[in-house]
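**Q** Here you go, one structure.
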Amino acid sequence: MNCPTCGESSQVLKLEEFWRSLSQDAELKRDLAQPPSYAAQWLVPLGLIVLGFIVLTSGGVGAGLLLLLAGLGTGAWMWRASAAAEEARERWRRLLYCRRCPAQFEP
Ligand SMILES: [Zn+2]
């Protein structure tokens with residue numbers, strides 16, 4: 001695999017392997033690290049939905065529907081954010097790294 005920036009292949013290796021080979025205090029250890037995973041707080045949308053049902057069944061139709069929508073909205077938003085974070089982590093695992101440039105690129 002040749003580096004698209006410098007055309008060399010001798011210094012190209014998997015980013016993940018290169019990152020693991022770095023010492024803990026190396027500056028690149030932080031810069032090249034895998035993107036963090038998204039810690040979704042699923043209790044928030046779940047709580048809003050449950051609360052929405054409670055309010056809805058006790059007569060507060062408008063407020064209940066509003067809470068349900070808020071719960072579904074935050075749930076969908078969290079799901080998207082967590083999917084995007086997971087995709088970024090997957091991409092990081094595929095990346096190759098050129099030690100000469102240094103460039104990161106997909107194979
Ligand atoms: Zn290169």
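Each chain in the structure tokens gets a letter, A, B and so on, in the order shown; residues start at 1 in every chain, and ligands are counted from 1 in the order they appear.
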Excluding Arg91 of chain A and any residue of its chain fewer than 5 positions from it, enumerate the residues within 10 Å of it, using only C-alpha atoms, and give them as a PyMOL selection string.
**A** chain A and resi 34-35+85-86+105-106
**Q** Produce as a PDB file with C-alpha atoms, in the first residue's frame the set of residues near ligand 1, where near means within 6 Å with only C-alpha atoms and all ligand atoms considered.
**A**
ATOM      1  CA  CYS A   3       1.008   6.522   0.752  1.00  0.00           C
ATOM      2  CA  THR A   5       0.858  11.893  -0.200  1.00  0.00           C
ATOM      3  CA  CYS A   6       4.486  10.827  -0.678  1.00  0.00           C
ATOM      4  CA  GLU A   8       6.237   5.580  -0.366  1.00  0.00           C
ATOM      5  CA  CYS A  98       2.482   6.916   6.907  1.00  0.00           C
ATOM      6  CA  ARG A 100       7.202   9.600   6.582  1.00  0.00           C
ATOM      7  CA  CYS A 101       4.629  12.408   5.909  1.00  0.00           C
ATOM      8  CA  PRO A 102       2.826  11.728   8.325  1.00  0.00           C
ATOM      9  CA  ALA A 103      -0.522  11.113   6.629  1.00  0.00           C
TER      10      ALA A 103
END
**Q** Using only C-alpha atoms, pick whichever of A:Met78, A:Ser10, A:Asp31, A:Arg99 has the shortest atom-to-atom distance to Leu43 of chain A.
**A** A:Met78
**Q** Hey, which of A:Leu68, A:Leu15, A:Met1, A:Val50 ends up closest to Leu28 of chain A? Count only C-alpha atoms.
**A**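 Of A:Leu68, A:Leu15, A:Met1, A:Val50, the one nearest Leu28 of chain A is A:Leu15, counting only C-alpha atoms.
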**Q** What does the structure give for the distance between atom CA of Ala70 of chain A and atom CA of Ile49 of chain A, in Å to one decimal?
**A**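 Atom CA of Ile49 of chain A lies 7.8 Å from atom CA of Ala70 of chain A.
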**Q** For atom CA of Leu72 of chain A and atom CA of Gln41 of chain A, determine how far apart the two atoms are, in Å to one decimal place.
**A**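 Going from atom CA of Leu72 of chain A over to atom CA of Gln41 of chain A, I get 13.3 Å.
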**Q** Neighbours of Trp79 of chain A within 10 Å (only C-alpha atoms; same-chain residues fewer than 6 positions away dropped), as a PyMOL selection string?
**A** chain A and resi 38+40+42+73+85
**Q** Could you take the residues named above and write them with N, CA and C atoms, as a PDB file, in the first residue's frame?
**A**
ATOM      1  N   TYR A  38     -19.466   7.188  22.413  1.00  0.00           N
ATOM      2  CA  TYR A  38     -20.479   8.073  22.963  1.00  0.00           C
ATOM      3  C   TYR A  38     -21.236   7.349  24.064  1.00  0.00           C
ATOM      4  N   ALA A  40     -24.219   7.126  25.840  1.00  0.00           N
ATOM      5  CA  ALA A  40     -25.598   7.606  25.799  1.00  0.00           C
ATOM      6  C   ALA A  40     -26.275   7.414  27.149  1.00  0.00           C
ATOM      7  N   TRP A  42     -29.390   6.701  28.285  1.00  0.00           N
ATOM      8  CA  TRP A  42     -30.711   6.277  27.809  1.00  0.00           C
ATOM      9  C   TRP A  42     -31.809   6.510  28.833  1.00  0.00           C
ATOM     10  N   GLY A  73     -37.608  12.501  20.856  1.00  0.00           N
ATOM     11  CA  GLY A  73     -36.617  13.360  20.195  1.00  0.00           C
ATOM     12  C   GLY A  73     -35.223  13.163  20.759  1.00  0.00           C
ATOM     13  N   ALA A  85     -20.518   8.202  16.466  1.00  0.00           N
ATOM     14  CA  ALA A  85     -19.290   7.948  17.219  1.00  0.00           C
ATOM     15  C   ALA A  85     -18.754   6.561  16.897  1.00  0.00           C
TER      16      ALA A  85
END
**Q** Counting only C-alpha atoms, which of A:Leu32, A:Ser37, A:Pro107, A:Val55 gets nearest to Glu87 of chain A?
**A**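 Of all the options, A:Ser37 lies closest to Glu87 of chain A.
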**Q** Using DSSP secondary structure from the backbone, list all alpha helix (DSSP H) positions within segment 1-105 of chain A, as JSON, numbers by chain.
**A** {"A": [15, 16, 17, 18, 19, 20, 21, 27, 28, 29, 30, 31, 43, 44, 45, 46, 47, 48, 49, 50, 51, 52, 53, 54, 55, 56, 57, 61, 62, 63, 64, 65, 66, 67, 68, 69, 70, 71, 72, 73, 74, 75, 76, 77, 78, 79, 80, 81, 82, 83, 84, 85, 86, 87, 88, 89, 90, 91, 92, 93, 94]}
**Q** Quick one: pick out all strand (DSSP E or B) residues within chain A from a backbone DSSP run and write them as a PyMOL selection string.
**A** chain A and resi 12-14+96-98+103-105
**Q** I'd like the neighbourhood of segment 61-67 of chain A as a PyMOL selection string, where a residue qualifies if any of its atoms comes within 12 Å (using only C-alpha atoms), though same-chain residues fewer than 2 positions away should be ignored.
**A** chain A and resi 44-59+69-74
**Q** Would you please work out which residue, of A:Leu96, A:Ala83, A:Ser21, A:Glu16, is nearest to Ala33 of chain A when using only C-alpha atoms?
**A**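 Looking only at the distances to Ala33 of chain A, the closest residue turns out to be A:Glu16.
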**Q** Could you please determine the separation between atom CA of Ala84 of chain A and atom CA of Gln104 of chain A in Å, to one decimal place?
**A**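 If I compute the distance from atom CA of Ala84 of chain A to atom CA of Gln104 of chain A, I get 19.5 Å.
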